[in-house]
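Engineer: One structure, as structure tokens, below. Some questions next.
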Amino acid sequence: MRRTQPLLRRLLGRWFHFLASAWVVGPVQDTQCGFKGFTRAAAHDLFSRQRITSIVFDVELIHLARRRGYRIAVVPVAWTDRRGSRMRARPSLALQVAWDLFRIRFLHRAGDAQAASGRPPPTMAASVRLAGLQAAARRLLPLSATAVFVGSIAFSLLVGVVAGTVGFDYLAYDAAARRLLAGALLYDTSFRTTGVFGLFYYPPQFVFGLLPLTLLPADVGIWVWAAISTAAVVAAIWLMPVGSTARWSALLLAGLSWPVVFAIGLGQVGPLLLLLFAVGWRWIHSDAAVGLAGAVGAMIKIQPALVLVWALLRGRWRAVGVGALALVLTSALATAVVTPRAWFDLVTLATRVGDPIEAPRNVTLGALLHGIGFDRSSATILHWLFLALVGAGWVFIVVRRAPVVGYLATVVVSQLASPLLWDHYAMVLLLPVAYLLDRGRWWAALVPLASPWLLAGQIPGVVYPLVYVATLWGLVVERSGGRAASRCSCCPGWRRRSLSAPLDDPESDDRTAPLSPPARTAG
């Protein structure tokens, strides 16, 4: 030991070790050392039987290992005590420890009787078989996810060619870029509603990024844009700071999800926004990355500017400054080309077609209520009350939860609060879904599976607000680090560190080491 612990902790640790050895585990040199390793089969067998969730869980594991006939070896390690433990010796903690120590033997009395009889545990072979099946599934996941994703995108594009809808949105972008090159007005203000061909109501900066594609014929540009969109989705999933299982699962879910497949086939900007949000998440501790992700997103659609509001609420002034500077400079350059009139035309057009209640195929709460018979005024009131609740919940998450949780909630709300909420906007939910999957919340897979492309045209509109709200709720209850850390998918009961936050970040949502047990006293 290179650095010893304080005297009080050493005394408490010795008393704990004495009680644990005398009552539960027998002669073990150190029950609480954090350096513990398990074979895969042993981990599945022991952790699946664990009942104690307090700091006494180490003792229970050793008790189970002894009773189930596993060999236990003691290996010396060099260890340095690290100050700053969040565990405090309180009377309530002492009572909890004493109670858990006392009840361990009674919790596993049936297992003790079986071990004393000399019969092999009947579930150990099943645990080994289960571990083998899980390992095989993990090996097949990359191939399966890739095949499903590629096959779904190819099928969607083929259907789009037959139906004449492939690149529907991209052609509107292309037409706007060609109007700019021809010196005509950027925005056609004759449109009165959404969902019609040729409508372009995106910020002027976006059209400048499309100019290189105008060198190609429009029918060729469609396929180049589809390739860019597909690459953006793959890059976004690759950049997600999650484990490989969650990442491949996200790719598989993307291939099954109607919003993702439809957005690529339609030529929508959603894949680009997904990539920008993923960049902000990957480098969430970089002010430049967060600021530019929010600013570039706002140059494509205004909603991602909410990322800069998140940075403002978190006190990330440099991120706000970077984003604001990028927006001001690009807006000035764009105005010099398109003239100030373009901005007025954009506001006029967006106001006219952006009715959250009566816009066709809209899935906002107000539009859904109006569609089932609510009058416009009642639907409008309920719509804004709902958005107020969503906004309050978002502020709560941003202020009271870890930065990464608040950021992902911002991604969700940036789309949910949009006056026009199309079904394909839900593709951004892949980000919080991957986060929740990485933390062992496998119910999150139901979010993209609620709108599979196999049921395209049969999915009720109410599904989309529900999946947004369900994802937000999952983030609300996902507390930070030590209070509700996740379980590792391969070893139930163990915790893993989220890759989105470094260990030295005081606001990190999880500061435990990979595959390390929760905080404990020292023996």
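Residues are named by chain letter and number: chains run A, B, ... in the order of the structure tokens, numbers start at 1 in each chain, and ligands are numbered from 1 in the order shown.
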I'd like the neighbourhood of Val290 in chain A as a ChimeraX atom specification, where a residue qualifies if any of its atoms comes within 9 Å (using only C-alpha atoms), though same-chain residues fewer than 3 positions away should be ignored.
Structural biologist: /A:277,279-281,283-287,293-295,307-308,311,319-320,322-323
Engineer: Can you list, as a tab-separated table (two decimals) with all heavy atoms, in the first residue's frame, every protein, DNA or RNA residue that comes within 6 Å of range 216-231 of chain A when you count only C-alpha atoms, leaving out same-chain residues fewer than 6 positions away?
Structural biologist:
```tsv
chain	number	residue	atom	x	y	z
A	167	GLY	N	-35.66	11.07	-52.65
A	167	GLY	CA	-35.05	12.39	-52.73
A	167	GLY	C	-36.05	13.53	-52.79
A	167	GLY	O	-35.73	14.64	-53.26
A	264	ILE	N	-33.74	8.91	-44.77
A	264	ILE	CA	-32.71	8.72	-45.80
A	264	ILE	C	-33.35	8.64	-47.18
A	264	ILE	O	-32.88	9.25	-48.14
A	264	ILE	CB	-31.88	7.47	-45.49
A	264	ILE	CG1	-31.06	7.69	-44.22
A	264	ILE	CG2	-30.96	7.14	-46.66
A	264	ILE	CD1	-30.27	6.48	-43.78
A	271	PRO	N	-30.45	13.04	-40.89
A	271	PRO	CA	-29.16	12.38	-40.66
A	271	PRO	C	-28.02	13.33	-40.34
A	271	PRO	O	-27.15	13.02	-39.53
A	271	PRO	CB	-28.92	11.64	-41.98
A	271	PRO	CG	-30.29	11.36	-42.51
A	271	PRO	CD	-31.08	12.57	-42.14
```
Engineer: Just want the 9 Å neighbourhood of Ala417 in chain A, counted on only C-alpha atoms, with same-chain residues fewer than 4 positions away dropped. Output as a ChimeraX atom specification.
Structural biologist: /A:303,364,387,390-391,412-413,421
Engineer: Distance CA of Pro465 in chain A-CA of Gly373 in chain A, one decimal place?
Structural biologist: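 These atoms are spaced 18.2 Å apart.
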Engineer: Using the chain letters and numbers from this document, which residues of range 134-329 of chain A does DSSP assign to helix (DSSP H, G or I), as a ChimeraX atom specification?
Structural biologist: /A:134-163,168-181,204-215,218-239,244-256,258-266,270-282,287-300,303-313,317-329
Engineer: I need the residue nearest Val433 in chain A from this list: A:Ala254, A:Leu158, A:Ile459, A:Leu349. Use only C-alpha atoms for the distance.
Structural biologist: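 Checking each candidate against Val433 in chain A, we get A:Ala254 as the closest.
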Engineer: Could you check the closest approach to Gly265 in chain A for each of A:Tyr202, A:Trp310, A:Trp453, A:Phe102 and tell me which residue wins, using only C-alpha atoms?
Structural biologist: A:Trp453
